[in-house]
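One structure is given here, and the rest of the page talks about it.
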Amino acid sequence: MKNAEIFRYAQLIVNQCAGIKAGEQVLVVSDTLADQSITHAIVGAALACGAEASAIVYAARKQSPHEPPPAVVEAMKASDVVFLYTGASLTHSRARRAAQQAGARVMVMAGVNEDVFLRTVPVDLARVADLTARLAKRIEAAQEGRIKTALGTDLTMRLGNSVVIIDGLCLNRAEIDFVPFGCLVNVPQAASAHGTIVVDGSVGSLGIVSAPITLTIKAGRIVDIQGGKDANRLRNLLASANDPNVYNCPAEWGVGTNPGARLIGVEPTFEGERVYGWTHVALGNNDVFPGGSVRAPLHLDAIITDPVIELDQQVILADGEYKL
């Protein structure tokens with residue numbers, strides 16, 4: 001029964017999200033952490049469309065950014081549609097950029113397992129896409145953003161860059177989108193963010209936090225990290241990178257619009273970005289997004305639950321509901 005459901009939702013991804021056509025070259029890039037039932041379902045759904053579909057599995061890497069083996073990169077560049085179905089995300093990889101530059105449509109599916117797939121794909125795609133697009137327009141029209149929470153987050157930042165809409169629709173040449181869908185990403189103006197971020201959800205590479213982590217932000221950089229053992233782990237992880245650019249924050253930020261998304265699992269942050277009514281901020285690399293120029297060896301997303309979001313002093317999100 002589960003395999004039948006996975007195949008049905010793989011058909012939705014292949015047909016509606018990626019718009020795969022007969023004769024297209026489709027590649028699923030996977031690693032040893034991925035549920036291969038999903039790999040097989042995507043390949044099967046693509047074959048059912050008349051596409052030439054194949055899969056490559058390589059040894060899993062521990063963190064993002066990372067690069068797949070050279071042979072995988074060449075296969076990606078030779079494909080019309082590429083699914084990046086790996087544990088650690090390939091979003092920030094040179095390989096992903098090279099595939100898009102060659103014309104491939106790219107769907108990133110980092111950290112997705114069977115449970116995530118079955119919860120986040122069978123939602124109202126049109127409704128999620130509409131809400132995400134309306135939020136993007138509001139953010140692009142605003143000059144200032146502010147994030148607040150009851151735990152003490154109070155961050156202001158200047159806006160003005162284009163928004164990346166993650167609505168699950170990847171229909172045009174060299175486009176990128178994601179599964180789970182239902183999120184948007186925006187890079188603030190450089191050095192414009194000031195205030196306090198209290199992370200109470202999860203942090204990429206660290207998982208769900210056992211106690212809140214408090215980040216002090218000045219001119220778009222982390223200048224202090226406080227909290228319990230997870231704060232120490234984050235402090236050590238950033239220091240181990242030996243690159244000052246990892247303290248860039250927010251490298252980007254966004255809000256979630258997928259009602260099926262949850263903050264669960266060994267590496268929950270990728271899905272956590274999509275949780276309806278929550279927000280995230282990122283640390284480190286952002287040069288893959290519009291307005292971003294920072295290159296860093298790390299990109300860590302941090303989940304903030306139950307925020308109040310203001311645009312130009314007008315509340316657009318509070319109590320888990322959007323006010324548009």
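If you're wondering about the labels, chains in the structure tokens are A, B, ... by order shown, residues count from 1 in each chain, ligands from 1 in order shown.
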
Find the residues around segment 64-79 of chain A up to 10 Å (only C-alpha atoms counted), leave out those fewer than 4 positions away in its own chain, and share them as a CSV table (one decimal) with C-alpha atoms, in the first residue's frame.
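Result file follows (out38.csv):
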```
chain,number,residue,atom,x,y,z
A,24,GLU,CA,13.5,14.0,-22.0
A,25,GLN,CA,16.6,12.8,-20.2
A,26,VAL,CA,15.8,12.4,-16.5
A,27,LEU,CA,18.3,11.7,-13.8
A,28,VAL,CA,17.8,10.9,-10.1
A,29,VAL,CA,21.0,11.7,-8.1
A,30,SER,CA,20.8,9.8,-4.8
A,31,ASP,CA,23.1,8.8,-2.0
A,52,GLU,CA,14.6,8.2,-20.6
A,53,ALA,CA,15.1,7.9,-16.8
A,54,SER,CA,18.0,6.6,-14.8
A,55,ALA,CA,19.5,6.9,-11.3
A,56,ILE,CA,22.9,7.2,-9.7
A,57,VAL,CA,23.7,6.5,-6.1
A,58,TYR,CA,26.9,7.7,-4.5
A,59,ALA,CA,28.4,7.5,-0.9
A,60,ALA,CA,26.6,10.0,1.4
A,83,PHE,CA,16.3,15.2,-9.0
A,84,LEU,CA,18.9,15.9,-6.3
A,87,GLY,CA,20.8,13.5,2.6
A,88,ALA,CA,23.0,16.6,2.7
A,89,SER,CA,21.7,19.2,0.3
A,90,LEU,CA,23.3,19.9,-3.1
A,91,THR,CA,21.6,23.3,-3.3
A,92,HIS,CA,24.8,25.2,-2.7
A,93,SER,CA,27.1,22.9,-4.9
A,94,ARG,CA,29.0,23.9,-8.0
A,95,ALA,CA,27.5,20.7,-9.6
A,96,ARG,CA,23.9,22.0,-9.2
A,97,ARG,CA,24.9,25.3,-10.8
A,98,ALA,CA,26.7,23.5,-13.7
A,99,ALA,CA,23.6,21.4,-14.4
A,100,GLN,CA,21.4,24.5,-14.5
A,101,GLN,CA,23.9,26.4,-16.7
A,102,ALA,CA,23.7,23.4,-19.1
A,103,GLY,CA,19.9,23.9,-19.2
A,104,ALA,CA,18.6,21.3,-16.7
A,105,ARG,CA,15.6,21.7,-14.6
A,106,VAL,CA,16.6,20.8,-11.0
A,204,GLY,CA,21.2,22.3,10.0
A,205,SER,CA,23.9,19.6,10.8
A,285,ASN,CA,26.9,31.0,2.2
A,296,ALA,CA,31.4,30.3,2.8
A,297,PRO,CA,32.1,26.6,3.4
A,298,LEU,CA,28.9,26.2,5.4
A,299,HIS,CA,25.2,27.1,4.9
A,300,LEU,CA,23.2,26.3,8.0
```

> If we count only C-alpha atoms, what is near Thr257 of chain A at a cut-off of 7 Å, once residues fewer than 2 positions away on the same chain are taken out, given as a list of chain:residue names?
Replying inline: A:Val128, A:Thr132, A:Gly182, A:Cys183, A:Val255, A:Pro259, A:Arg274, A:Val275, A:Tyr276, A:Gly277

> Taking the backbone alone, and naming residues the way the document does, which bits of segment 44-213 of chain A are helix (DSSP H, G or I) by DSSP, as a ChimeraX atom specification?
Replying inline: /A:44-48,70-77,94-101,114-120,125-141

> With only C-alpha atoms as the atoms that count, which of A:Ala219, A:Ile225, A:Val198, A:Val81 lies nearest to Leu151 of chain A?
Replying inline: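 Smallest distance to Leu151 of chain A is found for A:Val198.
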
>> What's around Thr86 of chain A at 7 Å? Count only C-alpha atoms, leave out sequence neighbours fewer than 6 positions away in its own chain, and write the answer as a ChimeraX atom specification.
In response: /A:30-31,33-34,109-111

Same residues, C-alpha atoms, saved as a compact mmCIF listing (two decimals), in the first residue's frame:
```txt
# COMPACT_ATOMS: atom_id res chain seq x y z
CA SER A 30 20.79 9.84 -4.81
CA ASP A 31 23.08 8.78 -1.98
CA LEU A 33 21.17 7.76 3.07
CA ALA A 34 18.14 8.07 0.78
CA MET A 109 14.92 16.74 -2.37
CA ALA A 110 17.42 16.89 0.51
CA GLY A 111 16.74 14.71 3.54
```

> Mind pulling up the distance from atom CA of Gln11 of chain A to atom CA of Leu135 of chain A?
Replying inline: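 The value is 27.8 Å.
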
How would you write, as a PDB file with N, CA and C atoms, in the first residue's frame, the set of residues in segment 230-320 of chain A that DSSP gives as strand (DSSP E)?
```pdb
ATOM      1  N   TRP A 253      16.601  34.456   4.660  1.00  0.00           N
ATOM      2  CA  TRP A 253      15.522  34.137   5.592  1.00  0.00           C
ATOM      3  C   TRP A 253      14.289  33.797   4.780  1.00  0.00           C
ATOM      4  N   GLY A 254      13.296  33.224   5.436  1.00  0.00           N
ATOM      5  CA  GLY A 254      12.080  32.902   4.711  1.00  0.00           C
ATOM      6  C   GLY A 254      11.009  32.405   5.647  1.00  0.00           C
ATOM      7  N   VAL A 255       9.853  32.098   5.083  1.00  0.00           N
ATOM      8  CA  VAL A 255       8.724  31.569   5.848  1.00  0.00           C
ATOM      9  C   VAL A 255       8.181  30.331   5.157  1.00  0.00           C
ATOM     10  N   THR A 279       9.333  30.475  10.539  1.00  0.00           N
ATOM     11  CA  THR A 279      10.350  31.180   9.762  1.00  0.00           C
ATOM     12  C   THR A 279      11.703  30.524   9.977  1.00  0.00           C
ATOM     13  N   HIS A 280      12.642  30.862   9.120  1.00  0.00           N
ATOM     14  CA  HIS A 280      14.009  30.405   9.305  1.00  0.00           C
ATOM     15  C   HIS A 280      14.970  31.519   8.928  1.00  0.00           C
ATOM     16  N   VAL A 281      16.160  31.455   9.495  1.00  0.00           N
ATOM     17  CA  VAL A 281      17.268  32.304   9.080  1.00  0.00           C
ATOM     18  C   VAL A 281      18.447  31.388   8.788  1.00  0.00           C
ATOM     19  N   ALA A 282      19.315  31.820   7.899  1.00  0.00           N
ATOM     20  CA  ALA A 282      20.462  30.996   7.530  1.00  0.00           C
ATOM     21  C   ALA A 282      21.759  31.677   7.914  1.00  0.00           C
ATOM     22  N   LEU A 283      22.784  30.860   8.118  1.00  0.00           N
ATOM     23  CA  LEU A 283      24.126  31.317   8.434  1.00  0.00           C
ATOM     24  C   LEU A 283      25.061  30.929   7.293  1.00  0.00           C
ATOM     25  N   GLY A 284      25.983  31.829   6.934  1.00  0.00           N
ATOM     26  CA  GLY A 284      27.048  31.459   6.012  1.00  0.00           C
ATOM     27  C   GLY A 284      26.792  31.800   4.560  1.00  0.00           C
ATOM     28  N   HIS A 299      26.491  26.388   4.927  1.00  0.00           N
ATOM     29  CA  HIS A 299      25.193  27.071   4.880  1.00  0.00           C
ATOM     30  C   HIS A 299      24.305  26.319   5.850  1.00  0.00           C
ATOM     31  N   LEU A 300      23.984  26.953   6.979  1.00  0.00           N
ATOM     32  CA  LEU A 300      23.190  26.322   8.022  1.00  0.00           C
ATOM     33  C   LEU A 300      21.879  27.072   8.192  1.00  0.00           C
ATOM     34  N   ASP A 301      20.774  26.371   8.034  1.00  0.00           N
ATOM     35  CA  ASP A 301      19.464  26.977   8.267  1.00  0.00           C
ATOM     36  C   ASP A 301      19.053  26.743   9.719  1.00  0.00           C
ATOM     37  N   ALA A 302      18.446  27.758  10.319  1.00  0.00           N
ATOM     38  CA  ALA A 302      18.015  27.690  11.715  1.00  0.00           C
ATOM     39  C   ALA A 302      16.527  27.996  11.789  1.00  0.00           C
ATOM     40  N   ILE A 303      15.763  27.111  12.425  1.00  0.00           N
ATOM     41  CA  ILE A 303      14.306  27.202  12.450  1.00  0.00           C
ATOM     42  C   ILE A 303      13.842  27.943  13.698  1.00  0.00           C
ATOM     43  N   ILE A 304      12.937  28.901  13.480  1.00  0.00           N
ATOM     44  CA  ILE A 304      12.338  29.691  14.551  1.00  0.00           C
ATOM     45  C   ILE A 304      10.837  29.441  14.522  1.00  0.00           C
ATOM     46  N   VAL A 308       6.313  36.348  14.862  1.00  0.00           N
ATOM     47  CA  VAL A 308       5.552  37.475  14.322  1.00  0.00           C
ATOM     48  C   VAL A 308       6.441  38.119  13.274  1.00  0.00           C
ATOM     49  N   ILE A 309       5.916  38.261  12.064  1.00  0.00           N
ATOM     50  CA  ILE A 309       6.669  38.881  10.972  1.00  0.00           C
ATOM     51  C   ILE A 309       6.020  40.206  10.609  1.00  0.00           C
ATOM     52  N   GLU A 310       6.832  41.250  10.562  1.00  0.00           N
ATOM     53  CA  GLU A 310       6.354  42.563  10.145  1.00  0.00           C
ATOM     54  C   GLU A 310       7.104  43.001   8.880  1.00  0.00           C
ATOM     55  N   LEU A 311       6.361  43.607   7.968  1.00  0.00           N
ATOM     56  CA  LEU A 311       6.943  44.250   6.788  1.00  0.00           C
ATOM     57  C   LEU A 311       6.550  45.716   6.823  1.00  0.00           C
ATOM     58  N   GLN A 314       4.003  46.562   9.379  1.00  0.00           N
ATOM     59  CA  GLN A 314       2.683  45.941   9.259  1.00  0.00           C
ATOM     60  C   GLN A 314       2.821  44.439   9.463  1.00  0.00           C
ATOM     61  N   VAL A 315       2.036  43.879  10.381  1.00  0.00           N
ATOM     62  CA  VAL A 315       2.109  42.449  10.684  1.00  0.00           C
ATOM     63  C   VAL A 315       1.513  41.639   9.531  1.00  0.00           C
ATOM     64  N   ILE A 316       2.303  40.684   9.019  1.00  0.00           N
ATOM     65  CA  ILE A 316       1.796  39.795   7.970  1.00  0.00           C
ATOM     66  C   ILE A 316       1.698  38.349   8.451  1.00  0.00           C
ATOM     67  N   LEU A 317       2.275  38.065   9.624  1.00  0.00           N
ATOM     68  CA  LEU A 317       2.191  36.719  10.185  1.00  0.00           C
ATOM     69  C   LEU A 317       2.187  36.821  11.702  1.00  0.00           C
ATOM     70  N   ALA A 318       1.195  36.226  12.320  1.00  0.00           N
ATOM     71  CA  ALA A 318       1.114  36.169  13.777  1.00  0.00           C
ATOM     72  C   ALA A 318       0.199  35.030  14.169  1.00  0.00           C
TER      73      ALA A 318
END
```
